[in-house]
$ cat work_30.cif   # mmCIF, C-alpha atoms
data_target
#
loop_
_atom_site.label_atom_id
_atom_site.label_comp_id
_atom_site.auth_asym_id
_atom_site.auth_seq_id
_atom_site.Cartn_x
_atom_site.Cartn_y
_atom_site.Cartn_z
CA MET A 1 55.36 107.94 47.56
CA ILE A 2 57.78 105.76 49.52
CA ASP A 3 58.66 102.50 47.83
CA ILE A 4 57.74 100.06 50.63
CA THR A 5 59.81 97.25 49.14
CA LYS A 6 62.97 99.35 48.93
CA PHE A 7 62.31 100.72 52.42
CA LEU A 8 62.01 97.21 53.89
CA ILE A 9 65.11 96.06 52.03
CA ALA A 10 67.04 99.05 53.41
CA ILE A 11 65.94 98.23 56.97
CA VAL A 12 67.00 94.60 56.55
CA VAL A 13 70.40 95.63 55.13
CA ILE A 14 70.95 98.07 58.00
CA ALA A 15 69.93 95.45 60.57
CA ILE A 16 72.27 92.84 59.08
CA THR A 17 75.11 95.38 58.96
CA LEU A 18 74.58 96.25 62.63
CA VAL A 19 74.55 92.57 63.61
CA ILE A 20 77.81 92.00 61.73
CA ILE A 21 79.46 95.05 63.35
CA ILE A 22 78.32 94.01 66.84
CA TYR A 23 79.54 90.46 66.22
CA ILE A 24 82.94 91.61 64.94
CA PHE A 25 83.51 94.03 67.82
CA GLY A 26 82.17 91.54 70.37
CA THR A 27 84.46 88.83 69.03
CA TYR A 28 87.43 91.24 69.00
CA PHE A 29 86.98 92.27 72.63
CA ASP A 30 86.38 88.66 73.69
CA ILE A 31 89.62 87.63 71.98
CA LYS A 32 91.48 90.51 73.65
CA ILE A 33 90.14 89.51 77.06
CA GLN A 34 91.03 85.85 76.53
CA GLU A 35 94.49 86.83 75.24
CA GLU A 36 95.10 88.89 78.38
CA LYS A 37 93.95 86.00 80.61
CA TYR A 38 96.31 83.55 78.90
CA SER A 39 99.17 86.04 79.17
CA GLU A 40 98.57 86.59 82.87
CA HIS A 41 98.18 82.86 83.48
CA GLY A 42 101.50 82.19 81.74
CA LYS A 43 103.24 84.88 83.78
CA SER A 44 101.80 83.47 87.00
CA ILE A 45 103.02 79.95 86.22
CA ALA A 46 106.48 81.25 85.25
CA LEU A 47 106.68 83.26 88.47
CA LEU A 48 105.51 80.30 90.55
CA ASN A 49 108.24 78.12 89.08
CA ALA A 50 110.86 80.83 89.64
CA ILE A 51 109.85 81.08 93.30
CA GLY A 52 109.93 77.30 93.61
CA GLU A 53 113.41 77.11 92.11
CA SER A 54 115.34 80.18 93.23
CA SER A 55 113.70 81.93 96.19
CA ASN A 56 115.37 81.98 99.61
CA LEU A 57 112.42 79.94 100.91
CA ILE A 58 113.69 76.81 99.16
CA MET A 59 115.65 74.06 100.91
CA LYS A 60 119.35 73.78 99.92
CA ASP A 61 121.44 70.63 99.55
CA SER A 62 124.91 70.11 101.03
CA ASN A 63 126.44 72.03 98.11
CA GLY A 64 124.16 75.01 98.61
CA GLN A 65 122.08 74.18 95.55
CA PRO A 66 118.30 74.66 95.82
CA LYS A 67 116.06 71.61 96.04
CA LYS A 68 113.32 72.61 93.64
CA LEU A 69 109.79 73.01 95.02
CA ILE A 70 110.80 72.01 98.57
CA PHE A 71 109.96 74.88 100.95
CA GLU A 72 111.32 75.05 104.49
CA LYS A 73 108.71 75.73 107.17
CA ASP A 74 111.21 77.63 109.32
CA LYS A 75 111.91 80.07 106.47
CA LEU A 76 108.20 80.48 105.73
CA ASP A 77 107.52 81.29 109.39
CA ARG A 78 110.07 84.14 109.26
CA ILE A 79 109.09 85.68 105.93
CA GLU A 80 107.97 89.33 105.70
CA LYS A 81 104.37 88.86 104.62
CA ASP A 82 103.51 92.25 103.11
CA LYS A 83 106.48 92.38 100.75
CA GLU A 84 107.32 90.76 97.43
CA LEU A 85 110.11 88.19 97.38
CA SER A 86 113.32 89.91 96.32
CA CYS A 87 114.10 87.16 93.81
CA CYS A 88 110.86 87.04 91.93
CA TYR A 89 108.35 89.62 90.76
CA TYR A 90 107.04 91.58 87.79
CA TYR A 91 106.93 95.36 87.58
CA ASP A 92 103.54 95.33 85.88
CA TYR A 93 101.75 93.05 88.37
CA ASP A 94 101.47 92.64 92.12
CA TYR A 95 100.76 89.27 93.63
CA LEU A 96 99.60 87.23 96.58
CA LEU A 97 101.50 83.97 97.07
CA THR A 98 99.72 81.39 99.24
CA ILE A 99 101.69 78.34 100.33
CA LYS A 100 99.83 75.53 102.08
CA ASP A 101 100.96 72.50 104.05
CA LEU A 102 98.18 70.06 103.23
CA ARG A 103 99.09 67.58 105.96
CA GLU A 104 99.42 69.97 108.91
CA ASN A 105 96.93 72.56 107.57
CA ASN A 106 99.42 75.43 107.83
CA GLU A 107 99.18 78.38 105.46
CA TRP A 108 101.48 81.30 104.62
CA ASN A 109 100.51 84.41 102.61
CA ILE A 110 103.17 86.61 101.01
CA GLY A 111 102.52 89.88 99.14
CA PHE A 112 99.26 91.75 98.54
CA ASP A 113 96.28 90.44 100.48
CA ASP A 114 93.82 92.88 98.91
CA LEU A 115 94.13 92.39 95.16
CA ASP A 116 90.37 91.93 94.89
CA TYR A 117 89.87 95.36 96.47
CA PHE A 118 92.05 97.05 93.84
CA LEU A 119 90.45 94.99 91.08
CA ARG A 120 87.01 96.32 92.06
CA LYS A 121 88.29 99.90 92.35
CA GLY A 122 90.03 99.64 88.99
CA LYS A 123 86.76 98.54 87.41
CA LYS A 124 84.95 101.41 89.12
CA CYS A 125 87.50 103.82 87.63
CA ASN A 126 87.08 102.19 84.18
CA VAL A 127 90.77 101.29 83.89
CA ILE A 128 90.19 97.54 84.31
CA ASN A 129 87.79 95.59 82.11
CA ASN A 130 84.57 94.62 83.91
CA GLU A 131 84.97 91.05 82.61
CA LYS A 132 88.29 90.67 84.39
CA TYR A 133 88.65 88.33 87.35
CA LEU A 134 91.57 87.13 89.45
CA LEU A 135 93.35 84.03 88.19
CA ALA A 136 94.99 81.77 90.77
CA PRO A 137 97.11 78.98 89.21
CA MET A 138 98.53 76.34 91.56
CA ILE A 139 101.52 74.00 91.52
CA PRO A 140 102.22 71.11 93.93
CA VAL A 141 105.11 71.65 96.35
CA VAL A 142 106.66 70.01 99.41
CA ILE A 143 106.95 71.55 102.89
CA PHE A 144 109.86 70.39 105.04
CA ASN A 145 109.16 70.99 108.74
CA GLY A 146 112.56 69.89 110.00
CA THR A 147 111.58 66.25 110.22
CA ASP A 148 108.96 65.37 107.64
CA TYR A 149 108.34 66.19 104.00
CA ASN A 150 104.67 67.14 103.73
CA PRO A 151 102.61 67.55 100.55
CA GLY A 152 101.66 71.14 99.83
CA SER A 153 100.56 73.63 97.22
CA ALA A 154 101.66 77.06 96.04
CA ILE A 155 98.96 79.37 94.64
CA LEU A 156 99.77 82.68 92.97
CA THR A 157 97.20 85.40 92.38
CA GLU A 158 98.31 88.34 90.20
CA SER A 159 96.69 91.65 89.34
CA LYS A 160 97.48 95.16 88.22
CA THR A 161 97.27 97.74 91.01
CA PRO A 162 98.10 101.45 91.35
CA LEU A 163 101.54 100.41 92.65
CA SER A 164 102.29 98.14 89.68
CA ASN A 165 100.97 100.83 87.29
CA ILE A 166 103.36 103.42 88.75
CA ALA A 167 106.36 101.08 89.04
CA TYR A 168 105.98 99.66 85.53
CA THR A 169 105.52 103.10 83.93
CA ILE A 170 108.52 104.60 85.74
CA ALA A 171 110.68 101.59 84.82
CA LEU A 172 109.56 101.87 81.18
CA VAL A 173 110.35 105.59 80.96
CA CYS A 174 113.64 105.08 82.79
CA SER A 175 114.94 102.21 80.66
CA THR A 176 113.74 103.21 77.17
CA ASN A 177 113.68 106.24 74.89
CA THR A 178 110.12 106.98 76.01
CA LYS A 179 109.88 110.62 77.09
CA GLU A 180 106.38 110.64 78.55
CA LYS A 181 103.86 108.03 79.62
CA THR A 182 100.52 108.21 81.42
CA THR A 183 99.02 105.77 83.88
CA TYR A 184 96.19 105.60 86.42
CA VAL A 185 96.03 105.50 90.19
CA TYR A 186 93.01 105.01 92.43
CA SER A 187 92.09 104.48 96.07
CA ILE A 188 95.42 105.56 97.54
CA ASP A 189 96.54 108.35 99.88
CA SER A 190 100.08 109.01 98.74
CA ILE A 191 103.06 107.98 96.66
CA GLU A 192 106.48 107.73 98.30
CA ILE A 193 109.79 107.32 96.49
CA THR A 194 113.08 106.43 98.17
CA ASP A 195 116.19 106.87 96.02
CA TYR A 196 118.93 104.27 96.45
CA GLY A 197 120.92 105.44 93.44
CA GLU A 198 120.57 102.69 90.85
CA LYS A 199 117.40 101.44 92.52
CA LYS A 200 114.22 103.17 93.62
CA ASN A 201 111.70 102.01 96.20
CA ILE A 202 108.18 102.98 95.07
CA CYS A 203 105.50 102.87 97.79
CA ILE A 204 101.79 103.62 97.96
CA LYS A 205 99.90 104.29 101.18
CA TYR A 206 96.18 103.74 101.62
CA GLY A 207 94.36 103.70 104.92
CA SER A 208 96.63 101.94 107.43
CA LYS A 209 98.47 99.99 104.73
CA LYS A 210 101.68 100.58 102.83
CA ARG A 211 102.90 98.55 99.86
CA CYS A 212 106.26 98.92 98.10
CA LYS A 213 108.00 97.70 94.97
CA GLU A 214 111.66 98.12 94.10
CA ILE A 215 112.65 99.00 90.55
CA ASP A 216 115.94 99.37 88.71
CA CYS A 217 116.40 103.01 87.70
CA ASN A 218 119.49 105.19 88.07
CA ILE A 219 117.76 108.46 87.11
CA PRO A 220 116.59 110.84 89.89
CA ILE A 221 112.80 110.97 90.38
CA THR A 222 110.81 113.97 91.60
CA LYS A 223 107.12 114.68 92.17
CA ASN A 224 105.25 117.70 90.84
CA ILE A 225 101.69 118.92 91.49
CA ILE A 226 99.71 120.00 88.43
CA THR A 227 96.21 121.32 87.78
CA LYS A 228 93.47 118.75 88.23
CA ASN A 229 92.08 117.38 84.98
CA GLU A 230 88.37 118.14 84.61
CA ASN A 231 87.79 114.55 83.51
CA ASP A 232 89.28 113.13 86.71
CA GLU A 233 86.71 111.52 88.95
CA LYS A 234 86.87 111.40 92.72
CA GLY A 235 89.60 108.98 93.69
CA CYS A 236 90.45 108.03 90.06
CA TYR A 237 93.28 109.98 88.47
CA LYS A 238 95.56 110.00 85.48
CA ILE A 239 99.18 110.82 86.28
CA PHE A 240 101.92 111.84 83.87
CA ILE A 241 105.46 110.52 84.10
CA LYS A 242 108.00 112.52 82.09
CA LYS A 243 111.74 112.25 81.47
CA TYR A 244 113.87 115.29 80.68
CA ASP A 245 117.18 116.87 81.79
CA ASN A 246 118.29 113.43 83.00
CA LYS A 247 115.53 113.15 85.58
CA ILE A 248 112.04 111.68 85.83
CA GLU A 249 109.10 113.72 87.05
CA ILE A 250 105.81 112.33 88.32
CA ASN A 251 103.04 114.85 87.70
CA TYR A 252 99.79 114.45 89.61
CA PRO A 253 96.87 116.77 90.38
CA ILE A 254 95.98 118.48 93.65
CA GLY A 255 93.50 116.43 95.63
CA ILE A 256 94.54 113.19 93.97
CA PHE A 257 94.58 111.12 97.11
CA VAL A 258 91.05 111.02 98.48
CA ASP A 259 88.60 108.39 99.66
CA LEU A 260 87.40 105.34 97.75
CA TYR A 261 88.09 103.14 100.78
CA GLU A 262 84.43 102.14 101.01
CA LYS A 263 83.84 98.43 100.55
#
$ encode --input "work_30.cif" --output "C-alpha cells"
Amino acid sequence: MIDITKFLIAIVVIAITLVIIIYIFGTYFDIKIQEEKYSEHGKSIALLNAIGESSNLIMKDSNGQPKKLIFEKDKLDRIEKDKELSCCYYYDYDYLLTIKDLRENNEWNIGFDDLDYFLRKGKKCNVINNEKYLLAPMIPVVIFNGTDYNPGSAILTESKTPLSNIAYTIALVCSTNTKEKTTYVYSIDSIEITDYGEKKNICIKYGSKKRCKEIDCNIPITKNIITKNENDEKGCYKIFIKKYDNKIEINYPIGIFVDLYEK
C-alpha cells in the first residue's frame, strides 16, 4: 500500500524544488542579460564621446585642437557612409552612428545600416539571445554649417555581427597566447582578407553589400576549407580560427555561404 501522506509530501517537495530551480536559473539568465545590456550601453556612450572628441568630423580651433561635440556639416557631407570612423570603433561590435541637425532637419548615417537584420539572423541561428534588442544611446551635439551653430544629436546603435565576430576572434588569437578559438557566422556570402602587414582588412560580403573592419595583426592569415559539421544549419556556421607556425588559419566548411537573405 502506498502511503498517501508521504506521496503527497514528496510531490510538494519536488514541486517546491522545481520552482526554486526555475527561479534561480531564471534570475541568473536575467542578470546575465541585464549585465550585457549595461556593458553594451557603457561601450556605446564611451564610443560616442570618443567620436565627439577626437574624430575628424569635429571642428578645430585656431591651434588645431578639436572643439568637443561640435561637428562640421561640410565634413559630415563628405564622409564615407558604409565605413567605420578610423578613430573610433570596437573589434567586438559594429555600429550605426546617426547624427542629426535638429534645426535644419539634416541627418547623416555612418556605419552599418542593417544591424537589425543581423540581430534577427543571429537569433535565428541561436547565437544571440532572443531577449536581446538594439540599444541606441544619444548625446547632444552641435552642428556648424559654416555660419550657424545648430543644436543636434548623435545616436549610436551597436550590435555583434558576423564581421565583428570574425574580427574580434582573429584579433584575440593574434594578440594573445590563444591557439584556437571558434566563432559563428551567418547570412553572408564570403569572407575577404587583405593583408597590409601589421594590419589586416577583414570584409564580409552579403547580397550587394560589403562591410569591412580593420584590425591590428602582424601575423599572416589564410583560409582553409574543412568538412561541414553535421550540426551546422543552413546559413548558420561555426568557424575555427587557429594559430600555428606563425600564421593564422580560418577554417570554414564547404557550402558555408548560402542564403538567409529572406526578410
$ atom_distance --input "work_30.cif" --atom1 "atom CA of Asp74 of chain A" --atom2 "atom CA of Tyr95 of chain A"
22.2 Å
$ resolve_selection --input "work_30.cif" --expression "the PyMOL selection byres ((chain A and resi 251) around 6)" --output "PyMOL selection string"
chain A and resi 224-225+239-240+250+252
$ resolve_selection --input "work_30.cif" --expression "the PyMOL selection byres ((chain A and resi 203) around 9)" --output "MDAnalysis selection string"
chainID A and resid 163 167 190:194 201:202 204:205 210:214
$ write_last_selection --input "work_30.cif" --atoms "C-alpha atoms" --output "CSV table (one decimal), in the frame of the given file"
chain,number,residue,atom,x,y,z
A,163,LEU,CA,101.5,100.4,92.6
A,167,ALA,CA,106.4,101.1,89.0
A,190,SER,CA,100.1,109.0,98.7
A,191,ILE,CA,103.1,108.0,96.7
A,192,GLU,CA,106.5,107.7,98.3
A,193,ILE,CA,109.8,107.3,96.5
A,194,THR,CA,113.1,106.4,98.2
A,201,ASN,CA,111.7,102.0,96.2
A,202,ILE,CA,108.2,103.0,95.1
A,204,ILE,CA,101.8,103.6,98.0
A,205,LYS,CA,99.9,104.3,101.2
A,210,LYS,CA,101.7,100.6,102.8
A,211,ARG,CA,102.9,98.6,99.9
A,212,CYS,CA,106.3,98.9,98.1
A,213,LYS,CA,108.0,97.7,95.0
A,214,GLU,CA,111.7,98.1,94.1
$ closest_residue --input "work_30.cif" --among "A:Ile215, A:Lys179, A:Tyr186, A:Cys87" --to "Arg120 of chain A" --atoms "only C-alpha atoms"
A:Tyr186
$ residues_around --input "work_30.cif" --residues "Lys123 of chain A" --least-positions-apart "2" --cutoff "12 Å" --atoms "all atoms listed in the file" --output "JSON, numbers by chain"
{"A": [116, 117, 118, 119, 120, 121, 125, 126, 127, 128, 129, 130, 131, 132, 133, 160, 161, 184, 185, 186, 187, 236]}
$ atom_distance --input "work_30.cif" --atom1 "atom CA of Leu156 of chain A" --atom2 "atom CA of Ala136 of chain A"
5.3 Å
$ residues_around --input "work_30.cif" --residues "Leu85 of chain A" --least-positions-apart "4" --cutoff "12 Å" --atoms "only C-alpha atoms" --output "list of chain:residue names"
A:Leu47, A:Leu48, A:Ala50, A:Ile51, A:Gly52, A:Ser54, A:Ser55, A:Asn56, A:Leu57, A:Leu76, A:Ile79, A:Glu80, A:Lys81, A:Tyr89, A:Tyr90, A:Asp94, A:Tyr95, A:Leu96, A:Leu97, A:Asn109, A:Ile110, A:Gly111, A:Phe112, A:Cys212, A:Lys213, A:Glu214
$ resolve_selection --input "work_30.cif" --expression "the PyMOL selection byres ((chain A and resi 217) around 8)" --output "PyMOL selection string"
chain A and resi 171+174-175+197-200+215-216+218-219
$ atom_distance --input "work_30.cif" --atom1 "atom CA of Glu107 of chain A" --atom2 "atom CA of Asp148 of chain A"
16.4 Å
$ closest_residue --input "work_30.cif" --among "A:Ile70, A:Ile221, A:Leu134, A:Cys88" --to "Pro151 of chain A" --atoms "all atoms listed in the file"
A:Ile70
$ residues_around --input "work_30.cif" --residues "Asn145 of chain A" --least-positions-apart "2" --cutoff "7 Å" --atoms "only C-alpha atoms" --output "list of chain:residue names"
A:Glu72, A:Lys73, A:Asp74, A:Ile143, A:Thr147, A:Asp148, A:Tyr149
$ residues_near_point --input "work_30.cif" --point "(105.4, 107.0, 82.9)" --cutoff "6 Å" --atoms "only C-alpha atoms" --output "list in words"
Thr169, Ile170, Val173, Glu180, Lys181, Thr182 and Ile241 of chain A
$ axis_aligned_box --input "work_30.cif" --around "segment 59-76 of chain A" --padding-each-side "5 Å" --output "AutoDock Vina command-line options"
--center_x 117.3 --center_y 75.3 --center_z 101.5 --size_x 28.2 --size_y 20.4 --size_z 25.7
$ closest_residue --input "work_30.cif" --among "A:Asn246, A:Ser86, A:Ser153, A:Ser44" --to "Phe71 of chain A" --atoms "all atoms listed in the file"
A:Ser153
